[in-house]
file structure-v7.pdb (PDB, N, CA and C atoms)
MODEL        1
ATOM      1  N   MET A   1     124.114  93.603 122.148
ATOM      2  CA  MET A   1     123.756  93.048 120.850
ATOM      3  C   MET A   1     122.255  93.226 120.617
ATOM      4  N   THR A   2     121.917  93.685 119.440
ATOM      5  CA  THR A   2     120.532  93.915 119.088
ATOM      6  C   THR A   2     119.853  92.595 118.772
ATOM      7  N   SER A   3     118.664  92.437 119.312
ATOM      8  CA  SER A   3     117.909  91.214 119.099
ATOM      9  C   SER A   3     116.653  91.514 118.296
ATOM     10  N   LEU A   4     116.341  90.633 117.372
ATOM     11  CA  LEU A   4     115.126  90.780 116.583
ATOM     12  C   LEU A   4     113.913  90.711 117.498
ATOM     13  N   ASN A   5     114.000  89.939 118.566
ATOM     14  CA  ASN A   5     112.889  89.837 119.523
ATOM     15  C   ASN A   5     112.600  91.178 120.185
ATOM     16  N   GLU A   6     113.639  91.979 120.471
ATOM     17  CA  GLU A   6     113.434  93.298 121.063
ATOM     18  C   GLU A   6     112.607  94.183 120.139
ATOM     19  N   VAL A   7     112.863  94.067 118.857
ATOM     20  CA  VAL A   7     112.146  94.868 117.874
ATOM     21  C   VAL A   7     110.709  94.384 117.749
ATOM     22  N   ILE A   8     110.541  93.087 117.623
ATOM     23  CA  ILE A   8     109.209  92.510 117.447
ATOM     24  C   ILE A   8     108.336  92.790 118.661
ATOM     25  N   ASN A   9     108.913  92.730 119.852
ATOM     26  CA  ASN A   9     108.160  92.973 121.080
ATOM     27  C   ASN A   9     107.962  94.455 121.366
ATOM     28  N   GLY A  10     108.465  95.325 120.500
ATOM     29  CA  GLY A  10     108.264  96.750 120.654
ATOM     30  C   GLY A  10     109.146  97.422 121.686
ATOM     31  N   LYS A  11     110.187  96.748 122.139
ATOM     32  CA  LYS A  11     111.077  97.332 123.136
ATOM     33  C   LYS A  11     112.050  98.326 122.514
ATOM     34  N   LYS A  12     112.251  98.233 121.198
ATOM     35  CA  LYS A  12     113.214  99.101 120.533
ATOM     36  C   LYS A  12     112.699  99.418 119.132
ATOM     37  N   PRO A  13     112.785 100.693 118.718
ATOM     38  CA  PRO A  13     112.375 101.037 117.342
ATOM     39  C   PRO A  13     113.270 100.343 116.321
ATOM     40  N   ILE A  14     112.693  99.910 115.226
ATOM     41  CA  ILE A  14     113.422  99.143 114.215
ATOM     42  C   ILE A  14     114.574  99.951 113.621
ATOM     43  N   GLU A  15     114.373 101.242 113.403
ATOM     44  CA  GLU A  15     115.431 102.066 112.816
ATOM     45  C   GLU A  15     116.650 102.130 113.736
ATOM     46  N   GLU A  16     116.391 102.280 115.035
ATOM     47  CA  GLU A  16     117.477 102.309 116.020
ATOM     48  C   GLU A  16     118.214 100.981 116.056
ATOM     49  N   ALA A  17     117.469  99.891 116.004
ATOM     50  CA  ALA A  17     118.067  98.560 116.036
ATOM     51  C   ALA A  17     118.941  98.329 114.801
ATOM     52  N   ILE A  18     118.493  98.806 113.650
ATOM     53  CA  ILE A  18     119.272  98.634 112.412
ATOM     54  C   ILE A  18     120.586  99.404 112.505
ATOM     55  N   LEU A  19     120.508 100.655 112.965
ATOM     56  CA  LEU A  19     121.729 101.456 113.093
ATOM     57  C   LEU A  19     122.717 100.821 114.067
ATOM     58  N   GLU A  20     122.220 100.301 115.181
ATOM     59  CA  GLU A  20     123.091  99.626 116.144
ATOM     60  C   GLU A  20     123.718  98.371 115.533
ATOM     61  N   ALA A  21     122.922  97.618 114.784
ATOM     62  CA  ALA A  21     123.418  96.391 114.173
ATOM     63  C   ALA A  21     124.482  96.691 113.119
ATOM     64  N   ILE A  22     124.310  97.764 112.373
ATOM     65  CA  ILE A  22     125.308  98.150 111.366
ATOM     66  C   ILE A  22     126.618  98.533 112.048
ATOM     67  N   THR A  23     126.523  99.319 113.107
ATOM     68  CA  THR A  23     127.718  99.712 113.855
ATOM     69  C   THR A  23     128.422  98.485 114.420
ATOM     70  N   GLU A  24     127.628  97.583 114.964
ATOM     71  CA  GLU A  24     128.194  96.355 115.531
ATOM     72  C   GLU A  24     128.831  95.481 114.451
ATOM     73  N   ALA A  25     128.206  95.408 113.286
ATOM     74  CA  ALA A  25     128.746  94.605 112.189
ATOM     75  C   ALA A  25     130.082  95.179 111.702
ATOM     76  N   ARG A  26     130.144  96.491 111.588
ATOM     77  CA  ARG A  26     131.394  97.123 111.157
ATOM     78  C   ARG A  26     132.517  96.855 112.161
ATOM     79  N   THR A  27     132.195  96.985 113.446
ATOM     80  CA  THR A  27     133.188  96.725 114.485
ATOM     81  C   THR A  27     133.644  95.271 114.458
ATOM     82  N   THR A  28     132.700  94.359 114.332
ATOM     83  CA  THR A  28     133.021  92.929 114.295
ATOM     84  C   THR A  28     133.914  92.603 113.109
ATOM     85  N   CYS A  29     133.607  93.169 111.948
ATOM     86  CA  CYS A  29     134.399  92.888 110.749
ATOM     87  C   CYS A  29     135.798  93.491 110.853
ATOM     88  N   THR A  30     135.904  94.649 111.495
ATOM     89  CA  THR A  30     137.221  95.268 111.689
ATOM     90  C   THR A  30     138.077  94.419 112.620
ATOM     91  N   GLU A  31     137.462  93.914 113.680
ATOM     92  CA  GLU A  31     138.194  93.122 114.671
ATOM     93  C   GLU A  31     138.529  91.721 114.179
ATOM     94  N   ASN A  32     137.608  91.091 113.445
ATOM     95  CA  ASN A  32     137.762  89.687 113.066
ATOM     96  C   ASN A  32     138.124  89.464 111.604
ATOM     97  N   GLY A  33     138.080  90.520 110.803
ATOM     98  CA  GLY A  33     138.358  90.377 109.376
ATOM     99  C   GLY A  33     137.076  90.267 108.575
ATOM    100  N   ASN A  34     137.105  90.810 107.376
ATOM    101  CA  ASN A  34     135.909  90.821 106.529
ATOM    102  C   ASN A  34     135.461  89.438 106.079
ATOM    103  N   ASN A  35     136.350  88.468 106.076
ATOM    104  CA  ASN A  35     135.998  87.118 105.621
ATOM    105  C   ASN A  35     135.703  86.164 106.768
ATOM    106  N   SER A  36     135.606  86.682 107.986
ATOM    107  CA  SER A  36     135.373  85.810 109.141
ATOM    108  C   SER A  36     133.896  85.428 109.242
ATOM    109  N   ALA A  37     133.662  84.326 109.932
ATOM    110  CA  ALA A  37     132.287  83.868 110.159
ATOM    111  C   ALA A  37     131.529  84.868 111.024
ATOM    112  N   ASN A  38     132.205  85.461 111.999
ATOM    113  CA  ASN A  38     131.551  86.443 112.867
ATOM    114  C   ASN A  38     131.085  87.663 112.074
ATOM    115  N   CYS A  39     131.864  88.083 111.105
ATOM    116  CA  CYS A  39     131.502  89.212 110.252
ATOM    117  C   CYS A  39     130.243  88.865 109.447
ATOM    118  N   ALA A  40     130.211  87.690 108.877
ATOM    119  CA  ALA A  40     129.050  87.256 108.090
ATOM    120  C   ALA A  40     127.794  87.201 108.951
ATOM    121  N   VAL A  41     127.924  86.690 110.164
ATOM    122  CA  VAL A  41     126.779  86.602 111.066
ATOM    123  C   VAL A  41     126.283  88.003 111.430
ATOM    124  N   ALA A  42     127.212  88.906 111.688
ATOM    125  CA  ALA A  42     126.829  90.273 112.051
ATOM    126  C   ALA A  42     126.033  90.938 110.926
ATOM    127  N   TRP A  43     126.469  90.747 109.681
ATOM    128  CA  TRP A  43     125.724  91.338 108.561
ATOM    129  C   TRP A  43     124.415  90.600 108.301
ATOM    130  N   ASP A  44     124.354  89.314 108.632
ATOM    131  CA  ASP A  44     123.083  88.588 108.532
ATOM    132  C   ASP A  44     122.046  89.193 109.483
ATOM    133  N   ILE A  45     122.497  89.603 110.668
ATOM    134  CA  ILE A  45     121.594  90.240 111.632
ATOM    135  C   ILE A  45     121.053  91.545 111.059
ATOM    136  N   VAL A  46     121.921  92.315 110.408
ATOM    137  CA  VAL A  46     121.477  93.563 109.777
ATOM    138  C   VAL A  46     120.410  93.258 108.729
ATOM    139  N   GLU A  47     120.654  92.248 107.910
ATOM    140  CA  GLU A  47     119.688  91.879 106.867
ATOM    141  C   GLU A  47     118.358  91.451 107.463
ATOM    142  N   GLU A  48     118.400  90.686 108.543
ATOM    143  CA  GLU A  48     117.164  90.236 109.197
ATOM    144  C   GLU A  48     116.357  91.426 109.717
ATOM    145  N   LEU A  49     117.044  92.375 110.323
ATOM    146  CA  LEU A  49     116.359  93.564 110.834
ATOM    147  C   LEU A  49     115.762  94.392 109.699
ATOM    148  N   GLN A  50     116.497  94.527 108.605
ATOM    149  CA  GLN A  50     115.972  95.263 107.455
ATOM    150  C   GLN A  50     114.765  94.549 106.848
ATOM    151  N   ALA A  51     114.809  93.238 106.823
ATOM    152  CA  ALA A  51     113.672  92.469 106.316
ATOM    153  C   ALA A  51     112.457  92.650 107.227
ATOM    154  N   GLU A  52     112.686  92.687 108.525
ATOM    155  CA  GLU A  52     111.592  92.904 109.470
ATOM    156  C   GLU A  52     110.987  94.293 109.278
ATOM    157  N   LYS A  53     111.818  95.284 109.025
ATOM    158  CA  LYS A  53     111.318  96.640 108.779
ATOM    159  C   LYS A  53     110.422  96.651 107.539
ATOM    160  N   ALA A  54     110.871  95.977 106.484
ATOM    161  CA  ALA A  54     110.076  95.904 105.251
ATOM    162  C   ALA A  54     108.758  95.177 105.503
ATOM    163  N   HIS A  55     108.814  94.127 106.305
ATOM    164  CA  HIS A  55     107.604  93.365 106.629
ATOM    165  C   HIS A  55     106.616  94.232 107.410
ATOM    166  N   GLN A  56     107.124  94.978 108.385
ATOM    167  CA  GLN A  56     106.259  95.849 109.174
ATOM    168  C   GLN A  56     105.625  96.927 108.308
ATOM    169  N   LYS A  57     106.399  97.468 107.380
ATOM    170  CA  LYS A  57     105.883  98.502 106.488
ATOM    171  C   LYS A  57     104.773  97.933 105.602
ATOM    172  N   GLN A  58     104.985  96.736 105.114
ATOM    173  CA  GLN A  58     103.989  96.100 104.249
ATOM    174  C   GLN A  58     102.732  95.761 105.039
ATOM    175  N   ALA A  59     102.890  95.367 106.299
ATOM    176  CA  ALA A  59     101.745  95.005 107.127
ATOM    177  C   ALA A  59     100.864  96.210 107.421
ATOM    178  N   LYS A  60     101.426  97.408 107.350
ATOM    179  CA  LYS A  60     100.659  98.613 107.632
ATOM    180  C   LYS A  60      99.842  99.079 106.433
ATOM    181  N   HIS A  61      99.943  98.369 105.326
ATOM    182  CA  HIS A  61      99.201  98.737 104.124
ATOM    183  C   HIS A  61      97.711  98.803 104.455
ATOM    184  N   ARG A  62      97.114  99.933 104.138
ATOM    185  CA  ARG A  62      95.690 100.108 104.411
ATOM    186  C   ARG A  62      94.884  99.678 103.201
ATOM    187  N   LYS A  63      93.770  99.063 103.478
ATOM    188  CA  LYS A  63      92.905  98.619 102.398
ATOM    189  C   LYS A  63      92.106  99.795 101.859
ATOM    190  N   THR A  64      91.840  99.735 100.579
ATOM    191  CA  THR A  64      90.978 100.743  99.961
ATOM    192  C   THR A  64      89.528 100.372 100.225
ATOM    193  N   ALA A  65      88.657 101.304  99.938
ATOM    194  CA  ALA A  65      87.229 101.035 100.109
ATOM    195  C   ALA A  65      86.795  99.885  99.201
ATOM    196  N   LEU A  66      87.369  99.828  98.001
ATOM    197  CA  LEU A  66      87.023  98.743  97.081
ATOM    198  C   LEU A  66      87.477  97.398  97.642
ATOM    199  N   GLU A  67      88.666  97.342  98.231
ATOM    200  CA  GLU A  67      89.149  96.090  98.825
ATOM    201  C   GLU A  67      88.238  95.634  99.959
ATOM    202  N   ASP A  68      87.801  96.571 100.786
ATOM    203  CA  ASP A  68      86.864  96.234 101.861
ATOM    204  C   ASP A  68      85.550  95.707 101.296
ATOM    205  N   TYR A  69      85.045  96.386 100.281
ATOM    206  CA  TYR A  69      83.796  95.994  99.646
ATOM    207  C   TYR A  69      83.910  94.591  99.047
ATOM    208  N   CYS A  70      85.014  94.334  98.363
ATOM    209  CA  CYS A  70      85.194  93.038  97.714
ATOM    210  C   CYS A  70      85.378  91.906  98.726
ATOM    211  N   GLU A  71      85.893  92.243  99.893
ATOM    212  CA  GLU A  71      85.977  91.223 100.938
ATOM    213  C   GLU A  71      84.583  90.828 101.404
ATOM    214  N   MET A  72      83.706  91.815 101.489
ATOM    215  CA  MET A  72      82.341  91.551 101.942
ATOM    216  C   MET A  72      81.492  90.921 100.841
ATOM    217  N   TYR A  73      81.724  91.324  99.589
ATOM    218  CA  TYR A  73      80.929  90.855  98.453
ATOM    219  C   TYR A  73      81.847  90.377  97.325
ATOM    220  N   PRO A  74      82.490  89.232  97.491
ATOM    221  CA  PRO A  74      83.460  88.773  96.489
ATOM    222  C   PRO A  74      82.849  88.479  95.110
ATOM    223  N   ASP A  75      81.546  88.242  95.050
ATOM    224  CA  ASP A  75      80.910  87.939  93.771
ATOM    225  C   ASP A  75      80.357  89.171  93.064
ATOM    226  N   ALA A  76      80.557  90.345  93.629
ATOM    227  CA  ALA A  76      80.067  91.573  92.990
ATOM    228  C   ALA A  76      80.815  91.800  91.679
ATOM    229  N   LEU A  77      80.155  92.427  90.730
ATOM    230  CA  LEU A  77      80.757  92.662  89.422
ATOM    231  C   LEU A  77      82.064  93.450  89.525
ATOM    232  N   GLU A  78      82.111  94.395  90.444
ATOM    233  CA  GLU A  78      83.301  95.226  90.599
ATOM    234  C   GLU A  78      84.508  94.427  91.074
ATOM    235  N   CYS A  79      84.246  93.255  91.660
ATOM    236  CA  CYS A  79      85.310  92.480  92.299
ATOM    237  C   CYS A  79      85.773  91.282  91.467
ATOM    238  N   LEU A  80      85.093  91.020  90.385
ATOM    239  CA  LEU A  80      85.453  89.873  89.563
ATOM    240  C   LEU A  80      86.732  90.157  88.800
ATOM    241  N   ILE A  81      87.596  89.165  88.740
ATOM    242  CA  ILE A  81      88.863  89.269  88.023
ATOM    243  C   ILE A  81      88.861  88.218  86.921
ATOM    244  N   TYR A  82      89.194  88.672  85.725
ATOM    245  CA  TYR A  82      89.184  87.771  84.581
ATOM    246  C   TYR A  82      90.611  87.565  84.074
ATOM    247  N   ASP A  83      90.950  86.344  83.778
ATOM    248  CA  ASP A  83      92.225  86.036  83.139
ATOM    249  C   ASP A  83      91.999  85.969  81.638
ATOM    250  N   LEU A  84      92.790  86.686  80.903
ATOM    251  CA  LEU A  84      92.649  86.680  79.454
ATOM    252  C   LEU A  84      93.744  85.884  78.799
TER     253      LEU A  84
ENDMDL
END
call {"tool": "encode", "arguments": {"input": "structure-v7.pdb", "output": "structure tokens"}}
result
Amino acid sequence: MTSLNEVINGKKPIEEAILEAITEARTTCTENGNNSANCAVAWDIVEELQAEKAHQKQAKHRKTALEDYCEMYPDALECLIYDL
């Protein structure tokens, strides 16, 4: 069974974990029925892994030079934001 902790700790690539979880979810639903609690839990695991992948992708967002500058000088004219 794929664990979110394995992915977070870097023991397994997220894409591999998602594919394994999907395969496991399909097998679980075939064995237990599509309306079973086990089937729902298996697909919840897939969703959690996909959410973690999205989170990791978002965390890798690189700052622009302007973002770096505005962090250092938040009161600079270039960094001021006005609500209209």
call {"tool": "resolve_selection", "arguments": {"input": "structure-v7.pdb", "expression": "the PyMOL selection byres ((chain A and resi 38-49) around 6)", "output": "MDAnalysis selection string"}}
result
chainID A and resid 21:22 25 28:29 33:34 36:37 50:53
call {"tool": "atom_distance", "arguments": {"input": "structure-v7.pdb", "atom1": "atom N of Leu80 in chain A", "atom2": "CA of Leu66 in chain A"}}
result
10.4 Å
call {"tool": "residues_near_point", "arguments": {"input": "structure-v7.pdb", "point": "(119.2, 97.6, 114.8)", "cutoff": "7 Å", "atoms": "all atoms listed in the file", "output": "PyMOL selection string"}}
result
chain A and resi 2-3+13-22+46+49
call {"tool": "select_by_dssp", "arguments": {"input": "structure-v7.pdb", "residues": "chain A", "states": "alpha helix (DSSP H)", "output": "PyMOL selection string"}}
result
chain A and resi 4-8+14-32+37-59+65-72
call {"tool": "atom_distance", "arguments": {"input": "structure-v7.pdb", "atom1": "atom C of Gln58 in chain A", "atom2": "atom N of Met72 in chain A"}}
result
19.8 Å
call {"tool": "atom_distance", "arguments": {"input": "structure-v7.pdb", "atom1": "CA of Asn35 in chain A", "atom2": "atom N of Thr23 in chain A"}}
result
17.2 Å
